[in-house]
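Structure file input_18.txt (compact mmCIF, N, CA and C atoms) is printed below.
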# COMPACT_ATOMS: atom_id res chain seq x y z
N MET A 19 -39.81 113.72 73.88
CA MET A 19 -39.24 113.51 72.55
C MET A 19 -38.43 112.21 72.55
N PRO A 20 -38.92 111.20 71.87
CA PRO A 20 -38.22 109.91 71.85
C PRO A 20 -36.94 109.96 71.02
N LYS A 21 -35.87 109.44 71.60
CA LYS A 21 -34.61 109.33 70.87
C LYS A 21 -34.51 108.00 70.15
N THR A 22 -35.10 106.96 70.74
CA THR A 22 -35.11 105.64 70.12
C THR A 22 -36.53 105.08 70.14
N ILE A 23 -36.95 104.59 68.97
CA ILE A 23 -38.29 104.03 68.81
C ILE A 23 -38.15 102.58 68.38
N LEU A 24 -38.86 101.71 69.07
CA LEU A 24 -38.88 100.29 68.71
C LEU A 24 -40.18 99.99 67.98
N HIS A 25 -40.06 99.37 66.82
CA HIS A 25 -41.24 98.93 66.08
C HIS A 25 -41.18 97.41 65.91
N PRO A 26 -41.93 96.68 66.74
CA PRO A 26 -42.01 95.23 66.56
C PRO A 26 -42.96 94.92 65.40
N THR A 27 -42.57 93.97 64.55
CA THR A 27 -43.40 93.64 63.40
C THR A 27 -43.65 92.14 63.31
N ASP A 28 -44.83 91.80 62.85
CA ASP A 28 -45.14 90.42 62.49
C ASP A 28 -45.46 90.35 61.00
N PHE A 29 -45.13 91.42 60.29
CA PHE A 29 -45.29 91.55 58.84
C PHE A 29 -46.75 91.66 58.40
N SER A 30 -47.65 91.93 59.32
CA SER A 30 -49.07 92.08 58.98
C SER A 30 -49.35 93.49 58.47
N ASP A 31 -50.54 93.69 57.89
CA ASP A 31 -50.94 95.02 57.43
C ASP A 31 -50.99 96.01 58.60
N CYS A 32 -51.48 95.55 59.73
CA CYS A 32 -51.56 96.41 60.91
C CYS A 32 -50.17 96.85 61.35
N SER A 33 -49.22 95.94 61.29
CA SER A 33 -47.85 96.25 61.65
C SER A 33 -47.25 97.26 60.67
N ASN A 34 -47.55 97.11 59.39
CA ASN A 34 -47.06 98.06 58.38
C ASN A 34 -47.58 99.47 58.66
N CYS A 35 -48.83 99.56 59.07
CA CYS A 35 -49.42 100.85 59.43
C CYS A 35 -48.68 101.46 60.62
N ALA A 36 -48.37 100.64 61.61
CA ALA A 36 -47.65 101.12 62.79
C ALA A 36 -46.24 101.57 62.43
N LEU A 37 -45.60 100.88 61.48
CA LEU A 37 -44.26 101.29 61.04
C LEU A 37 -44.29 102.70 60.46
N GLN A 38 -45.32 102.99 59.69
CA GLN A 38 -45.40 104.33 59.09
C GLN A 38 -45.53 105.40 60.18
N ILE A 39 -46.31 105.12 61.19
CA ILE A 39 -46.46 106.08 62.29
C ILE A 39 -45.15 106.22 63.05
N ALA A 40 -44.46 105.10 63.29
CA ALA A 40 -43.15 105.16 63.95
C ALA A 40 -42.18 106.00 63.12
N ALA A 41 -42.20 105.83 61.81
CA ALA A 41 -41.31 106.59 60.94
C ALA A 41 -41.65 108.08 60.95
N ASP A 42 -42.93 108.40 60.95
CA ASP A 42 -43.35 109.80 61.00
C ASP A 42 -42.87 110.46 62.30
N LEU A 43 -43.02 109.73 63.42
CA LEU A 43 -42.54 110.26 64.71
C LEU A 43 -41.03 110.40 64.71
N ALA A 44 -40.33 109.42 64.14
CA ALA A 44 -38.87 109.47 64.08
C ALA A 44 -38.39 110.65 63.25
N THR A 45 -39.08 110.92 62.16
CA THR A 45 -38.73 112.06 61.33
C THR A 45 -38.94 113.37 62.09
N LYS A 46 -40.07 113.46 62.78
CA LYS A 46 -40.38 114.67 63.54
C LYS A 46 -39.36 114.94 64.64
N TYR A 47 -38.92 113.88 65.33
CA TYR A 47 -38.05 114.05 66.49
C TYR A 47 -36.59 113.67 66.24
N GLY A 48 -36.26 113.25 65.02
CA GLY A 48 -34.89 112.85 64.72
C GLY A 48 -34.48 111.59 65.47
N SER A 49 -35.41 110.66 65.60
CA SER A 49 -35.18 109.45 66.38
C SER A 49 -34.58 108.32 65.56
N GLN A 50 -33.92 107.41 66.25
CA GLN A 50 -33.45 106.14 65.71
C GLN A 50 -34.61 105.16 65.78
N ILE A 51 -34.79 104.33 64.74
CA ILE A 51 -35.83 103.30 64.75
C ILE A 51 -35.18 101.92 64.73
N PHE A 52 -35.68 101.05 65.59
CA PHE A 52 -35.33 99.63 65.54
C PHE A 52 -36.56 98.88 65.08
N VAL A 53 -36.45 98.18 63.97
CA VAL A 53 -37.53 97.34 63.48
C VAL A 53 -37.19 95.91 63.92
N LEU A 54 -38.06 95.34 64.73
CA LEU A 54 -37.80 94.06 65.37
C LEU A 54 -38.81 93.00 64.96
N HIS A 55 -38.30 91.81 64.67
CA HIS A 55 -39.18 90.65 64.51
C HIS A 55 -38.72 89.60 65.50
N VAL A 56 -39.66 89.13 66.32
CA VAL A 56 -39.35 88.08 67.28
C VAL A 56 -40.02 86.81 66.78
N VAL A 57 -39.22 85.79 66.59
CA VAL A 57 -39.72 84.50 66.12
C VAL A 57 -39.56 83.50 67.26
N GLU A 58 -40.57 82.68 67.44
CA GLU A 58 -40.55 81.75 68.57
C GLU A 58 -39.36 80.81 68.50
N THR A 59 -39.00 80.35 67.31
CA THR A 59 -37.80 79.52 67.17
C THR A 59 -37.21 79.69 65.79
N LEU A 60 -35.91 79.63 65.73
CA LEU A 60 -35.21 79.60 64.45
C LEU A 60 -34.76 78.18 64.13
N GLY A 61 -35.22 77.25 64.95
CA GLY A 61 -34.83 75.85 64.81
C GLY A 61 -35.60 75.12 63.74
N PRO A 62 -35.42 73.82 63.65
CA PRO A 62 -36.00 73.01 62.58
C PRO A 62 -37.52 73.01 62.52
N ALA A 63 -38.20 73.43 63.57
CA ALA A 63 -39.66 73.42 63.56
C ALA A 63 -40.24 74.30 62.47
N ASN A 64 -39.52 75.32 62.04
CA ASN A 64 -40.07 76.26 61.06
C ASN A 64 -39.36 76.21 59.71
N VAL A 65 -38.62 75.16 59.42
CA VAL A 65 -37.96 75.06 58.13
C VAL A 65 -38.72 74.10 57.23
N THR A 66 -38.49 74.25 55.93
CA THR A 66 -39.16 73.37 54.97
C THR A 66 -38.47 72.01 54.94
N PHE A 67 -39.13 71.03 54.37
CA PHE A 67 -38.57 69.69 54.28
C PHE A 67 -37.24 69.71 53.55
N GLY A 68 -37.16 70.46 52.45
CA GLY A 68 -35.92 70.55 51.67
C GLY A 68 -34.76 71.13 52.47
N GLU A 69 -35.06 72.13 53.30
CA GLU A 69 -34.01 72.73 54.13
C GLU A 69 -33.50 71.74 55.17
N VAL A 70 -34.40 70.98 55.77
CA VAL A 70 -33.99 69.99 56.78
C VAL A 70 -33.12 68.93 56.11
N GLY A 71 -33.49 68.53 54.92
CA GLY A 71 -32.72 67.52 54.21
C GLY A 71 -31.36 68.02 53.77
N ASN A 72 -31.22 69.30 53.51
CA ASN A 72 -29.97 69.85 53.00
C ASN A 72 -29.00 70.33 54.06
N GLN A 73 -29.49 70.62 55.26
CA GLN A 73 -28.60 71.21 56.26
C GLN A 73 -29.13 70.98 57.66
N LEU A 74 -28.25 70.97 58.60
CA LEU A 74 -28.66 70.80 59.99
C LEU A 74 -29.17 72.10 60.57
N GLU A 75 -28.55 73.20 60.23
CA GLU A 75 -28.96 74.52 60.71
C GLU A 75 -29.99 75.11 59.74
N PRO A 76 -31.02 75.73 60.24
CA PRO A 76 -32.07 76.28 59.36
C PRO A 76 -31.69 77.65 58.79
N GLU A 77 -30.53 77.72 58.15
CA GLU A 77 -30.06 79.00 57.60
C GLU A 77 -31.04 79.59 56.58
N GLY A 78 -31.67 78.71 55.78
CA GLY A 78 -32.61 79.21 54.78
C GLY A 78 -33.78 79.93 55.41
N TYR A 79 -34.30 79.39 56.50
CA TYR A 79 -35.41 80.03 57.22
C TYR A 79 -34.97 81.38 57.78
N ARG A 80 -33.81 81.41 58.41
CA ARG A 80 -33.27 82.64 58.97
C ARG A 80 -33.06 83.68 57.86
N ASP A 81 -32.52 83.25 56.73
CA ASP A 81 -32.29 84.16 55.61
C ASP A 81 -33.60 84.73 55.08
N ARG A 82 -34.65 83.88 55.00
CA ARG A 82 -35.96 84.38 54.54
C ARG A 82 -36.51 85.42 55.51
N LEU A 83 -36.35 85.17 56.82
CA LEU A 83 -36.83 86.15 57.80
C LEU A 83 -36.09 87.47 57.68
N TRP A 84 -34.76 87.41 57.54
CA TRP A 84 -33.98 88.64 57.38
C TRP A 84 -34.41 89.40 56.13
N ALA A 85 -34.63 88.67 55.03
CA ALA A 85 -35.05 89.33 53.78
C ALA A 85 -36.40 90.01 53.97
N GLU A 86 -37.34 89.31 54.61
CA GLU A 86 -38.67 89.88 54.87
C GLU A 86 -38.55 91.10 55.79
N LEU A 87 -37.72 91.00 56.80
CA LEU A 87 -37.55 92.09 57.76
C LEU A 87 -36.97 93.33 57.08
N ARG A 88 -36.00 93.14 56.23
CA ARG A 88 -35.35 94.29 55.56
C ARG A 88 -36.24 94.94 54.51
N LYS A 89 -37.32 94.26 54.11
CA LYS A 89 -38.30 94.86 53.21
C LYS A 89 -39.17 95.89 53.93
N MET A 90 -39.17 95.84 55.25
CA MET A 90 -40.00 96.74 56.05
C MET A 90 -39.41 98.15 55.98
N LYS A 91 -39.97 98.95 55.11
CA LYS A 91 -39.51 100.32 54.94
C LYS A 91 -40.73 101.23 54.90
N PRO A 92 -40.66 102.34 55.62
CA PRO A 92 -41.79 103.29 55.57
C PRO A 92 -41.85 103.99 54.22
N LEU A 93 -43.03 104.50 53.89
CA LEU A 93 -43.18 105.28 52.66
C LEU A 93 -42.44 106.59 52.79
N GLY A 94 -41.97 107.10 51.68
CA GLY A 94 -41.25 108.38 51.69
C GLY A 94 -39.77 108.18 51.93
N PRO A 95 -39.05 109.27 51.83
CA PRO A 95 -37.59 109.18 52.01
C PRO A 95 -37.23 108.85 53.46
N PRO A 96 -36.24 107.99 53.66
CA PRO A 96 -35.83 107.69 55.03
C PRO A 96 -35.13 108.89 55.66
N GLU A 97 -35.80 109.49 56.62
CA GLU A 97 -35.25 110.68 57.25
C GLU A 97 -34.58 110.36 58.58
N SER A 98 -34.69 109.12 59.00
CA SER A 98 -34.06 108.72 60.25
C SER A 98 -33.35 107.38 60.04
N SER A 99 -32.52 107.04 60.97
CA SER A 99 -31.76 105.80 60.90
C SER A 99 -32.64 104.62 61.29
N ILE A 100 -32.59 103.55 60.49
CA ILE A 100 -33.37 102.35 60.78
C ILE A 100 -32.41 101.16 60.90
N ASP A 101 -32.51 100.44 62.00
CA ASP A 101 -31.76 99.21 62.21
C ASP A 101 -32.76 98.07 62.34
N TYR A 102 -32.36 96.90 61.88
CA TYR A 102 -33.23 95.74 61.89
C TYR A 102 -32.70 94.69 62.87
N LEU A 103 -33.61 94.08 63.63
CA LEU A 103 -33.24 93.10 64.63
C LEU A 103 -34.11 91.86 64.48
N LEU A 104 -33.50 90.69 64.58
CA LEU A 104 -34.21 89.42 64.56
C LEU A 104 -33.85 88.69 65.85
N VAL A 105 -34.87 88.37 66.64
CA VAL A 105 -34.65 87.77 67.95
C VAL A 105 -35.49 86.50 68.07
N GLU A 106 -34.95 85.51 68.74
CA GLU A 106 -35.65 84.26 68.96
C GLU A 106 -36.20 84.24 70.38
N GLY A 107 -37.47 83.82 70.54
CA GLY A 107 -38.07 83.71 71.86
C GLY A 107 -39.54 84.05 71.85
N ASP A 108 -40.08 84.21 73.04
CA ASP A 108 -41.48 84.60 73.18
C ASP A 108 -41.64 86.03 72.67
N PRO A 109 -42.57 86.29 71.74
CA PRO A 109 -42.69 87.63 71.15
C PRO A 109 -42.87 88.76 72.17
N ALA A 110 -43.77 88.60 73.12
CA ALA A 110 -44.03 89.68 74.09
C ALA A 110 -42.79 89.96 74.94
N ARG A 111 -42.19 88.91 75.46
CA ARG A 111 -41.00 89.09 76.30
C ARG A 111 -39.81 89.58 75.49
N GLY A 112 -39.70 89.12 74.24
CA GLY A 112 -38.62 89.58 73.37
C GLY A 112 -38.71 91.07 73.11
N ILE A 113 -39.90 91.57 72.87
CA ILE A 113 -40.10 93.00 72.64
C ILE A 113 -39.71 93.78 73.89
N GLU A 114 -40.18 93.31 75.01
CA GLU A 114 -39.89 93.96 76.30
C GLU A 114 -38.37 94.01 76.55
N GLN A 115 -37.68 92.91 76.31
CA GLN A 115 -36.24 92.84 76.55
C GLN A 115 -35.46 93.73 75.60
N VAL A 116 -35.81 93.73 74.32
CA VAL A 116 -35.11 94.57 73.36
C VAL A 116 -35.32 96.05 73.69
N ALA A 117 -36.53 96.40 74.08
CA ALA A 117 -36.80 97.79 74.46
C ALA A 117 -35.90 98.24 75.60
N GLU A 118 -35.69 97.36 76.57
CA GLU A 118 -34.79 97.68 77.68
C GLU A 118 -33.34 97.72 77.24
N GLN A 119 -32.90 96.72 76.50
CA GLN A 119 -31.51 96.63 76.06
C GLN A 119 -31.10 97.80 75.18
N ARG A 120 -32.00 98.25 74.34
CA ARG A 120 -31.70 99.35 73.41
C ARG A 120 -32.10 100.71 73.96
N HIS A 121 -32.56 100.74 75.20
CA HIS A 121 -32.95 101.99 75.87
C HIS A 121 -33.98 102.77 75.05
N CYS A 122 -35.00 102.07 74.61
CA CYS A 122 -36.03 102.70 73.79
C CYS A 122 -36.92 103.59 74.64
N ASP A 123 -37.27 104.72 74.08
CA ASP A 123 -38.16 105.67 74.73
C ASP A 123 -39.62 105.43 74.36
N LEU A 124 -39.83 104.72 73.25
CA LEU A 124 -41.18 104.54 72.73
C LEU A 124 -41.24 103.24 71.93
N ILE A 125 -42.35 102.53 72.07
CA ILE A 125 -42.65 101.36 71.25
C ILE A 125 -43.90 101.70 70.45
N VAL A 126 -43.86 101.48 69.14
CA VAL A 126 -45.01 101.70 68.28
C VAL A 126 -45.31 100.37 67.59
N MET A 127 -46.48 99.80 67.91
CA MET A 127 -46.79 98.47 67.39
C MET A 127 -48.26 98.33 67.03
N GLY A 128 -48.53 97.39 66.13
CA GLY A 128 -49.90 97.10 65.74
C GLY A 128 -50.64 96.34 66.83
N THR A 129 -51.95 96.47 66.82
CA THR A 129 -52.76 95.79 67.84
C THR A 129 -53.17 94.39 67.41
N HIS A 130 -53.26 94.14 66.14
CA HIS A 130 -53.71 92.83 65.66
C HIS A 130 -52.79 92.38 64.55
N GLY A 131 -52.34 91.15 64.66
CA GLY A 131 -51.44 90.61 63.65
C GLY A 131 -51.99 89.36 63.01
N HIS A 132 -51.12 88.40 62.82
CA HIS A 132 -51.47 87.17 62.10
C HIS A 132 -52.11 86.10 62.96
N ARG A 133 -52.19 86.25 64.25
CA ARG A 133 -52.58 85.14 65.10
C ARG A 133 -54.09 84.99 65.30
N GLY A 134 -54.88 85.99 64.97
CA GLY A 134 -56.33 85.88 64.95
C GLY A 134 -56.99 85.37 66.21
N LEU A 135 -57.85 84.34 66.07
CA LEU A 135 -58.64 83.82 67.17
C LEU A 135 -57.76 83.30 68.31
N GLU A 136 -56.60 82.74 67.99
CA GLU A 136 -55.68 82.25 69.02
C GLU A 136 -55.34 83.38 70.00
N ARG A 137 -55.16 84.57 69.49
CA ARG A 137 -54.82 85.71 70.33
C ARG A 137 -55.98 86.07 71.25
N PHE A 138 -57.22 85.89 70.77
CA PHE A 138 -58.39 86.20 71.60
C PHE A 138 -58.37 85.36 72.88
N PHE A 139 -58.02 84.11 72.77
CA PHE A 139 -58.04 83.21 73.92
C PHE A 139 -56.78 83.33 74.79
N MET A 140 -55.65 83.63 74.20
CA MET A 140 -54.39 83.59 74.94
C MET A 140 -53.91 84.97 75.40
N GLY A 141 -54.56 86.02 74.99
CA GLY A 141 -54.09 87.36 75.33
C GLY A 141 -53.15 87.85 74.26
N SER A 142 -53.16 89.11 73.98
CA SER A 142 -52.37 89.62 72.86
C SER A 142 -50.98 90.04 73.28
N VAL A 143 -50.08 89.99 72.32
CA VAL A 143 -48.72 90.47 72.53
C VAL A 143 -48.76 91.96 72.86
N ALA A 144 -49.58 92.70 72.12
CA ALA A 144 -49.66 94.15 72.37
C ALA A 144 -50.12 94.44 73.80
N GLU A 145 -51.10 93.69 74.26
CA GLU A 145 -51.59 93.90 75.63
C GLU A 145 -50.49 93.65 76.65
N HIS A 146 -49.73 92.58 76.46
CA HIS A 146 -48.62 92.27 77.37
C HIS A 146 -47.59 93.41 77.37
N VAL A 147 -47.24 93.88 76.18
CA VAL A 147 -46.22 94.93 76.07
C VAL A 147 -46.71 96.21 76.74
N VAL A 148 -47.97 96.56 76.52
CA VAL A 148 -48.52 97.76 77.16
C VAL A 148 -48.41 97.68 78.68
N ARG A 149 -48.71 96.50 79.22
CA ARG A 149 -48.67 96.33 80.68
C ARG A 149 -47.26 96.26 81.25
N LYS A 150 -46.31 95.69 80.51
CA LYS A 150 -45.00 95.37 81.08
C LYS A 150 -43.86 96.29 80.65
N ALA A 151 -43.98 96.99 79.55
CA ALA A 151 -42.87 97.80 79.03
C ALA A 151 -42.51 98.94 79.98
N ALA A 152 -41.23 99.23 80.04
CA ALA A 152 -40.74 100.30 80.90
C ALA A 152 -40.86 101.67 80.22
N CYS A 153 -41.20 101.68 78.94
CA CYS A 153 -41.33 102.95 78.22
C CYS A 153 -42.76 103.11 77.71
N ALA A 154 -43.01 104.24 77.09
CA ALA A 154 -44.34 104.51 76.51
C ALA A 154 -44.59 103.56 75.33
N VAL A 155 -45.87 103.19 75.16
CA VAL A 155 -46.25 102.30 74.06
C VAL A 155 -47.42 102.93 73.32
N VAL A 156 -47.30 103.00 72.00
CA VAL A 156 -48.39 103.46 71.15
C VAL A 156 -48.86 102.24 70.36
N THR A 157 -50.15 101.92 70.49
CA THR A 157 -50.70 100.81 69.70
C THR A 157 -51.51 101.39 68.55
N VAL A 158 -51.42 100.69 67.43
CA VAL A 158 -52.04 101.18 66.19
C VAL A 158 -52.92 100.08 65.62
N LYS A 159 -54.15 100.44 65.27
CA LYS A 159 -55.00 99.49 64.56
C LYS A 159 -55.20 99.99 63.14
N LEU A 160 -55.59 99.08 62.27
CA LEU A 160 -55.80 99.46 60.87
C LEU A 160 -56.94 100.46 60.75
N PRO A 161 -56.77 101.48 59.92
CA PRO A 161 -57.88 102.41 59.67
C PRO A 161 -59.04 101.66 59.03
N ARG A 162 -60.26 102.13 59.23
CA ARG A 162 -61.44 101.47 58.67
C ARG A 162 -61.33 101.26 57.15
N ALA A 163 -60.77 102.22 56.45
CA ALA A 163 -60.64 102.11 55.00
C ALA A 163 -59.78 100.92 54.60
N ALA A 164 -58.77 100.59 55.40
CA ALA A 164 -57.88 99.48 55.09
C ALA A 164 -58.55 98.14 55.39
N VAL A 165 -59.51 98.12 56.31
CA VAL A 165 -60.19 96.88 56.68
C VAL A 165 -61.26 96.52 55.68
N SER A 166 -61.92 97.51 55.09
CA SER A 166 -63.03 97.28 54.17
C SER A 166 -62.61 96.63 52.89
As structure tokens:
Amino acid sequence: MPKTILHPTDFSDCSNCALQIAADLATKYGSQIFVLHVVETLGPANVTFGEVGNQLEPEGYRDRLWAELRKMKPLGPPESSIDYLLVEGDPARGIEQVAEQRHCDLIVMGTHGHRGLERFFMGSVAEHVVRKAACAVVTVKLPRAAVS
């Protein structure tokens, strides 16, 4: 029975599906959920031209990520506690580190996100997490009906 569940998200449809499963498990077991987004950098590389011109720190980019992250809510009434985390770094290692730091018993994540063909050649974040995580990992793919 997991007490803490980590749900890493890249905001993809597959990730949304995994969030719902994480929420269902959390409701069943009374678990805490951490919804995590790991971004490679919060620095100027990912800010718009206007943001760079207006400020040295990419606060606008960070604010947009937080807003997007907080939109991640499972369907139905929230029956368990949900906390949101935004971390900078390598996505696979960031997930692994947060799972350890937060003493997560379970990670529920999507198998395919936004990276497409690049992931085919470089190896997937989900594959890395499955191999390296100290806790159980449930991977979720989109149901056939959602793909069609």
Region 49-55 of chain A surroundings by only C-alpha atoms, 10 Å radius, close-in-sequence under 2 positions cut, as a PyMOL selection string: chain A and resi 19-29+37+40-47+57-58+83-84+86-88+90-91+97-106+109+112-113+116-117+120+122-126
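As for atom C of Arg111 (chain A) and CA of Ala152 (chain A), they are spaced 12.0 Å apart.
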Just the number, please: distance in Å from CA of Cys32 (chain A) to CA of Thr157 (chain A), one decimal. 9.9 Å
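Here atom N of Ser30 (chain A) and atom C of Glu145 (chain A) stand 17.6 Å from one another.
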Based on DSSP run over this structure's backbone, return all residues of region 79-125 of chain A in strand (DSSP E or B), as a list in words. Ile100, Asp101, Tyr102, Leu103, Leu104, Val105, Glu106, Leu124 and Ile125 of chain A
